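Asker: Submitted below is the structure of interest, expressed as structure tokens.
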Amino acid sequence: MITNFETNKVLIAKGLTSPNYVEATRLLLDVLHSLNIEWSFLHHTSSPFHIWARDYMPIQVNKEKFVRFNYSPDYLKDSPEYKPDTSAILSDLGIQVIDSDIIIDGGNVINCGDKVIMTDKIIRENPHYRPNTLIDTLSQLMEAEIVLIPEDKYDEYGHADGIVRYMGNYSLLLNNYCDFDKMLRKKLMSALSPHFEIVELHYDAFTDKSWAYLNFLHVGQHIFVPMLEDKLTRIAFEQIAEAYPECECHPIWKCDNIIREGGALNCCTWNIMTTVDTYVENKEDGLAI
């Protein structure tokens, strides 16, 4: 599986240029530009409902292989406006995919090279598969071992990207459950420790937005941390920077409106590995930088 360390291009929905999100978007794109990281908008995503690119775009397995899963999560059963035309998006990008009927959001996929971490929500969302068959099929599609973890019962989306992130070399960064949910921490450690070394965030305090700090965008050797108007923000940033000493961490402010909608910078971006080495400046929608 392609890990974030191997990615070099960021794609975002045009819906992120809507007034509620444009400040954070501009700040993010300014930093990408300064670092010569290639970025572009996804066509057919002008609605502010389409900002969650991570969830509806396919999973990149290798340079040429993309798998598009069935984006039909339970929380969108009565909200079709959140689902853009991914076939049109992919056609414009010139990307061919392998389609699967398995229901998965991209935010529930943590690529770790030869392993993939997902919450066990995939079992209950795919009752048309026997659990063992589901895991075997996913392993074949992603060419990796599937490691299941318990979902956070307070997260209505059941995603893994607010629970844990890959640090490379079979190491993980775990959210600060040691501060507020020791039972879930115990279950997560039991599921993950046979496969990975684990580093824990630890704030000595509770915030219901702690998942958002872990929901950073990671592209190559750069990490973009969502910053909130919260007393723990700088502590979280410092601990994430310490956990990734080989990466350069960049604070992205004005993310509060995005986070209030239930996601953060990993959720609203789609970063991939491309063979293109040159930066292409994108000046659409008045966001020239």
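For the structure tokens, the naming scheme is as follows: chains receive sequential letters (A, B, ...) according to their order of presentation, residues are indexed from 1 within each chain, and ligands are indexed from 1 in presentation order.
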Please list as a PDB file with all heavy atoms, in the first residue's frame every residue within 8 Å of Tyr166 of chain A, counting only C-alpha atoms and excluding residues in the same chain fewer than 3 positions away.

Answerer:
ATOM      1  N   ILE A 110      -6.187   3.302   7.151  1.00  0.00           N
ATOM      2  CA  ILE A 110      -4.864   3.810   7.521  1.00  0.00           C
ATOM      3  C   ILE A 110      -3.828   2.917   6.852  1.00  0.00           C
ATOM      4  O   ILE A 110      -3.626   1.765   7.240  1.00  0.00           O
ATOM      5  CB  ILE A 110      -4.668   3.812   9.053  1.00  0.00           C
ATOM      6  CG1 ILE A 110      -5.771   4.617   9.734  1.00  0.00           C
ATOM      7  CG2 ILE A 110      -3.287   4.371   9.394  1.00  0.00           C
ATOM      8  CD1 ILE A 110      -5.830   6.065   9.358  1.00  0.00           C
ATOM      9  N   ASN A 111      -3.177   3.454   5.827  1.00  0.00           N
ATOM     10  CA  ASN A 111      -2.197   2.685   5.056  1.00  0.00           C
ATOM     11  C   ASN A 111      -0.884   2.599   5.814  1.00  0.00           C
ATOM     12  O   ASN A 111      -0.290   3.610   6.169  1.00  0.00           O
ATOM     13  CB  ASN A 111      -1.962   3.346   3.701  1.00  0.00           C
ATOM     14  CG  ASN A 111      -3.242   3.495   2.898  1.00  0.00           C
ATOM     15  OD1 ASN A 111      -4.251   2.869   3.191  1.00  0.00           O
ATOM     16  ND2 ASN A 111      -3.218   4.339   1.882  1.00  0.00           N
ATOM     17  N   CYS A 112      -0.415   1.380   6.023  1.00  0.00           N
ATOM     18  CA  CYS A 112       0.835   1.163   6.764  1.00  0.00           C
ATOM     19  C   CYS A 112       1.765   0.236   5.985  1.00  0.00           C
ATOM     20  O   CYS A 112       2.391  -0.664   6.553  1.00  0.00           O
ATOM     21  CB  CYS A 112       0.545   0.573   8.140  1.00  0.00           C
ATOM     22  SG  CYS A 112      -0.656   1.468   9.138  1.00  0.00           S
ATOM     23  N   TYR A 170       6.660   0.481  11.180  1.00  0.00           N
ATOM     24  CA  TYR A 170       5.755  -0.275  12.054  1.00  0.00           C
ATOM     25  C   TYR A 170       5.542   0.412  13.403  1.00  0.00           C
ATOM     26  O   TYR A 170       5.474  -0.240  14.454  1.00  0.00           O
ATOM     27  CB  TYR A 170       6.269  -1.710  12.251  1.00  0.00           C
ATOM     28  CG  TYR A 170       6.278  -2.507  10.974  1.00  0.00           C
ATOM     29  CD1 TYR A 170       7.461  -2.715  10.273  1.00  0.00           C
ATOM     30  CD2 TYR A 170       5.100  -3.016  10.440  1.00  0.00           C
ATOM     31  CE1 TYR A 170       7.470  -3.426   9.079  1.00  0.00           C
ATOM     32  CE2 TYR A 170       5.096  -3.735   9.255  1.00  0.00           C
ATOM     33  CZ  TYR A 170       6.282  -3.927   8.573  1.00  0.00           C
ATOM     34  OH  TYR A 170       6.285  -4.621   7.395  1.00  0.00           O
ATOM     35  N   SER A 171       5.417   1.733  13.355  1.00  0.00           N
ATOM     36  CA  SER A 171       5.109   2.510  14.554  1.00  0.00           C
ATOM     37  C   SER A 171       3.854   3.335  14.311  1.00  0.00           C
ATOM     38  O   SER A 171       3.600   3.786  13.195  1.00  0.00           O
ATOM     39  CB  SER A 171       6.269   3.443  14.917  1.00  0.00           C
ATOM     40  OG  SER A 171       7.418   2.702  15.248  1.00  0.00           O
ATOM     41  N   LEU A 172       3.082   3.553  15.379  1.00  0.00           N
ATOM     42  CA  LEU A 172       1.814   4.275  15.289  1.00  0.00           C
ATOM     43  C   LEU A 172       1.752   5.388  16.329  1.00  0.00           C
ATOM     44  O   LEU A 172       2.343   5.285  17.405  1.00  0.00           O
ATOM     45  CB  LEU A 172       0.637   3.328  15.536  1.00  0.00           C
ATOM     46  CG  LEU A 172       0.444   2.147  14.599  1.00  0.00           C
ATOM     47  CD1 LEU A 172      -0.697   1.272  15.109  1.00  0.00           C
ATOM     48  CD2 LEU A 172       0.167   2.603  13.180  1.00  0.00           C
ATOM     49  N   LEU A 173       0.982   6.426  15.989  1.00  0.00           N
ATOM     50  CA  LEU A 173       0.648   7.485  16.937  1.00  0.00           C
ATOM     51  C   LEU A 173      -0.820   7.328  17.312  1.00  0.00           C
ATOM     52  O   LEU A 173      -1.698   7.365  16.447  1.00  0.00           O
ATOM     53  CB  LEU A 173       0.907   8.851  16.320  1.00  0.00           C
ATOM     54  CG  LEU A 173       0.686  10.064  17.228  1.00  0.00           C
ATOM     55  CD1 LEU A 173       1.624  10.011  18.432  1.00  0.00           C
ATOM     56  CD2 LEU A 173       0.892  11.363  16.450  1.00  0.00           C
TER      57      LEU A 173
END

Asker: Using DSSP secondary structure from the backbone, list all alpha helix (DSSP H) positions within segment 39-193 of chain A, as a VMD selection string.

Answerer: chain A and resid 53 to 56 86 to 93 121 to 125 131 to 142 182 to 192

Asker: Go through A:Ile258, A:Ile146, A:Leu188, A:Ala212 and flag the residue nearest Leu232 of chain A, using only C-alpha atoms for the distances.

Answerer: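 Answer, going by the shortest atom-to-atom distance: A:Ala212.
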
Asker: Just checking: using only C-alpha atoms, which residue out of A:Lys14, A:Lys153, A:Lys121, A:Lys9 ends up closest to Leu184 of chain A?

Answerer: A:Lys153

Asker: Could you tell me which of A:Arg260, A:Lys187, A:His250, A:Lys77 comes closest to Arg234 of chain A if we count only C-alpha atoms?

Answerer: A:His250

Asker: Which residues are near segment 46-56 of chain A? Cut-off 10 Å, only C-alpha atoms, ignore same chain within fewer than 2 positions. Put them as a ChimeraX atom specification.

Answerer: /A:11-21,41-44,58-59,68-73,79-86,104-109,159,258,261-271

Asker: Considering only C-alpha atoms, return as a PyMOL selection string whatever protein or nucleic-acid residues lie within 9 Å of Ile240 of chain A, sequence-local ones (same chain, fewer than 4 positions apart) excluded.

Answerer: chain A and resi 173+201+213-214+223+225+235-236+244-245+249

Asker: Could those residues be written to a file, using N, CA, C and O atoms, as a compact mmCIF listing (two decimals), in the first residue's frame?

Answerer:
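So the final result, stored in result.txt, reads:
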# COMPACT_ATOMS: atom_id res chain seq x y z
N LEU A 173 0.98 6.43 15.99
CA LEU A 173 0.65 7.49 16.94
C LEU A 173 -0.82 7.33 17.31
O LEU A 173 -1.70 7.36 16.45
N LEU A 201 -0.36 10.05 22.35
CA LEU A 201 -0.55 11.45 22.71
C LEU A 201 -1.07 11.50 24.14
O LEU A 201 -1.79 10.60 24.59
N TYR A 213 -6.84 16.80 16.04
CA TYR A 213 -5.39 17.03 15.91
C TYR A 213 -4.73 15.86 15.19
O TYR A 213 -3.81 16.05 14.39
N LEU A 214 -5.20 14.65 15.47
CA LEU A 214 -4.64 13.46 14.83
C LEU A 214 -5.09 13.36 13.37
O LEU A 214 -4.46 12.65 12.57
N ILE A 223 3.81 17.46 7.41
CA ILE A 223 2.57 17.21 8.13
C ILE A 223 1.89 18.55 8.40
O ILE A 223 2.54 19.51 8.86
N VAL A 225 -1.01 20.25 10.47
CA VAL A 225 -1.82 19.98 11.65
C VAL A 225 -2.94 21.01 11.76
O VAL A 225 -2.68 22.21 11.77
N ILE A 235 -0.08 22.26 22.56
CA ILE A 235 0.46 21.04 23.16
C ILE A 235 0.36 19.90 22.17
O ILE A 235 1.31 19.12 21.99
N ALA A 236 -0.81 19.77 21.51
CA ALA A 236 -1.00 18.71 20.52
C ALA A 236 0.00 18.86 19.37
O ALA A 236 0.62 17.88 18.94
N TYR A 244 7.11 12.86 14.92
CA TYR A 244 7.56 12.74 13.53
C TYR A 244 8.82 13.60 13.34
O TYR A 244 8.79 14.59 12.61
N PRO A 245 9.93 13.23 13.96
CA PRO A 245 11.14 14.08 13.89
C PRO A 245 11.71 14.19 12.48
O PRO A 245 12.41 15.16 12.18
N CYS A 249 6.54 19.84 10.47
CA CYS A 249 5.14 20.05 10.82
C CYS A 249 4.75 21.51 10.62
O CYS A 249 5.48 22.42 11.00

Asker: Rank A:Leu90, A:Asp114, A:Pro194, A:Ile102 by their smallest atom-to-atom distance to Thr133 of chain A, using only C-alpha atoms, and report the top residue only.

Answerer: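 When distances to Thr133 of chain A are compared using only C-alpha atoms, the smallest one comes from A:Ile102.
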
Asker: Got a sec to tell me which of segment 108-287 of chain A DSSP assigns to strand (DSSP E or B), as an NGL selection string?

Answerer: :A and (110-111 or 115-119 or 145-149 or 164-168 or 171-174 or 197-200 or 217-219 or 222-226 or 248-252 or 270-272)

Asker: Could those residues be written to a file, using C-alpha atoms, as a PDB file, in the first residue's frame?

Answerer:
ATOM      1  CA  ILE A 110      -4.864   3.810   7.521  1.00  0.00           C
ATOM      2  CA  ASN A 111      -2.197   2.685   5.056  1.00  0.00           C
ATOM      3  CA  LYS A 115      -0.738  -3.607   6.684  1.00  0.00           C
ATOM      4  CA  VAL A 116      -3.969  -1.581   6.714  1.00  0.00           C
ATOM      5  CA  ILE A 117      -5.736  -0.494   9.892  1.00  0.00           C
ATOM      6  CA  MET A 118      -9.534  -0.188   9.872  1.00  0.00           C
ATOM      7  CA  THR A 119     -12.206  -0.084  12.560  1.00  0.00           C
ATOM      8  CA  GLU A 145      -2.863  -7.546   5.943  1.00  0.00           C
ATOM      9  CA  ILE A 146      -6.018  -6.065   7.497  1.00  0.00           C
ATOM     10  CA  VAL A 147      -5.703  -5.100  11.166  1.00  0.00           C
ATOM     11  CA  LEU A 148      -9.081  -4.410  12.783  1.00  0.00           C
ATOM     12  CA  ILE A 149      -9.488  -2.105  15.766  1.00  0.00           C
ATOM     13  CA  VAL A 164      -4.438   6.301  15.067  1.00  0.00           C
ATOM     14  CA  ARG A 165      -1.918   7.414  12.416  1.00  0.00           C
ATOM     15  CA  TYR A 166       1.055   5.656  10.870  1.00  0.00           C
ATOM     16  CA  MET A 167       4.532   6.907  11.792  1.00  0.00           C
ATOM     17  CA  GLY A 168       6.541   4.553   9.568  1.00  0.00           C
ATOM     18  CA  SER A 171       5.109   2.510  14.554  1.00  0.00           C
ATOM     19  CA  LEU A 172       1.814   4.275  15.289  1.00  0.00           C
ATOM     20  CA  LEU A 173       0.648   7.485  16.937  1.00  0.00           C
ATOM     21  CA  LEU A 174      -2.424   6.875  19.101  1.00  0.00           C
ATOM     22  CA  GLU A 197       5.115  -0.045  18.318  1.00  0.00           C
ATOM     23  CA  ILE A 198       2.760   2.563  19.766  1.00  0.00           C
ATOM     24  CA  VAL A 199       3.384   6.164  20.790  1.00  0.00           C
ATOM     25  CA  GLU A 200       0.546   7.841  22.687  1.00  0.00           C
ATOM     26  CA  LEU A 217      -2.728  15.871   6.402  1.00  0.00           C
ATOM     27  CA  HIS A 218       0.519  13.973   5.841  1.00  0.00           C
ATOM     28  CA  VAL A 219       2.269  14.380   2.474  1.00  0.00           C
ATOM     29  CA  HIS A 222       5.429  17.281   5.615  1.00  0.00           C
ATOM     30  CA  ILE A 223       2.570  17.209   8.133  1.00  0.00           C
ATOM     31  CA  PHE A 224      -0.174  19.836   8.230  1.00  0.00           C
ATOM     32  CA  VAL A 225      -1.825  19.975  11.648  1.00  0.00           C
ATOM     33  CA  PRO A 226      -5.300  21.503  12.057  1.00  0.00           C
ATOM     34  CA  GLU A 248       8.387  19.158   9.052  1.00  0.00           C
ATOM     35  CA  CYS A 249       5.138  20.046  10.816  1.00  0.00           C
ATOM     36  CA  HIS A 250       3.082  23.047   9.731  1.00  0.00           C
ATOM     37  CA  PRO A 251       0.221  24.574  11.771  1.00  0.00           C
ATOM     38  CA  ILE A 252      -2.918  25.330   9.771  1.00  0.00           C
ATOM     39  CA  TRP A 270      -6.930  13.235  -1.005  1.00  0.00           C
ATOM     40  CA  ASN A 271      -3.172  12.820  -1.329  1.00  0.00           C
ATOM     41  CA  ILE A 272      -1.651  10.367  -3.778  1.00  0.00           C
TER      42      ILE A 272
END

Asker: Choose the residue, out of A:Leu76, A:Leu228, A:Ala191, A:Leu141, that has the smallest atom-to-atom separation from Asp99 of chain A; count only C-alpha atoms.

Answerer: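 Answer, going by the shortest atom-to-atom distance: A:Leu141.
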
Asker: Report, in Å to a single decimal, how far apart atom CA of Asp230 of chain A and atom CA of Asp208 of chain A are.

Answerer: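 Separation of atom CA of Asp208 of chain A and atom CA of Asp230 of chain A: 10.7 Å.
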
Asker: Suppose you want the space between atom CA of Asp256 of chain A and atom CA of Thr233 of chain A; what is it in Å?

Answerer: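 Atom-to-atom, atom CA of Asp256 of chain A to atom CA of Thr233 of chain A, that is 11.5 Å.
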
Asker: For Met183 of chain A, which residue out of A:Val97, A:Thr3, A:Leu28, A:Asp152 is the nearest one, using only C-alpha atoms?

Answerer: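 The shortest atom-to-atom distance to Met183 of chain A comes from A:Asp152.
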
Asker: So that I can see what lies close to Gln221 of chain A, please list as a ChimeraX atom specification the residues with an atom at most 7 Å from it, counting only C-alpha atoms and leaving out residues fewer than 5 positions away in the same chain.

Answerer: /A:5,246-248

Asker: Write out, as a compact mmCIF listing (two decimals), in the first residue's frame, the residues just selected, with N, CA, C and O atoms.

Answerer:
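So the final result, stored in result_17.txt, reads:
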# COMPACT_ATOMS: atom_id res chain seq x y z
N PHE A 5 3.94 8.80 3.45
CA PHE A 5 5.33 9.20 3.21
C PHE A 5 5.67 9.20 1.72
O PHE A 5 6.60 9.89 1.31
N GLU A 246 11.40 13.23 11.61
CA GLU A 246 11.92 13.28 10.25
C GLU A 246 11.05 14.13 9.33
O GLU A 246 11.39 14.36 8.17
N CYS A 247 9.92 14.61 9.85
CA CYS A 247 8.99 15.43 9.06
C CYS A 247 9.00 16.88 9.56
O CYS A 247 9.36 17.16 10.70
N GLU A 248 8.58 17.76 8.68
CA GLU A 248 8.39 19.16 9.05
C GLU A 248 6.90 19.38 9.29
O GLU A 248 6.08 19.09 8.41

Asker: Between atom CA of Tyr177 of chain A and atom CA of Ala243 of chain A, what is the distance in Å, rounded to a tenth?

Answerer: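 Atom-to-atom, atom CA of Tyr177 of chain A to atom CA of Ala243 of chain A, that is 16.5 Å.
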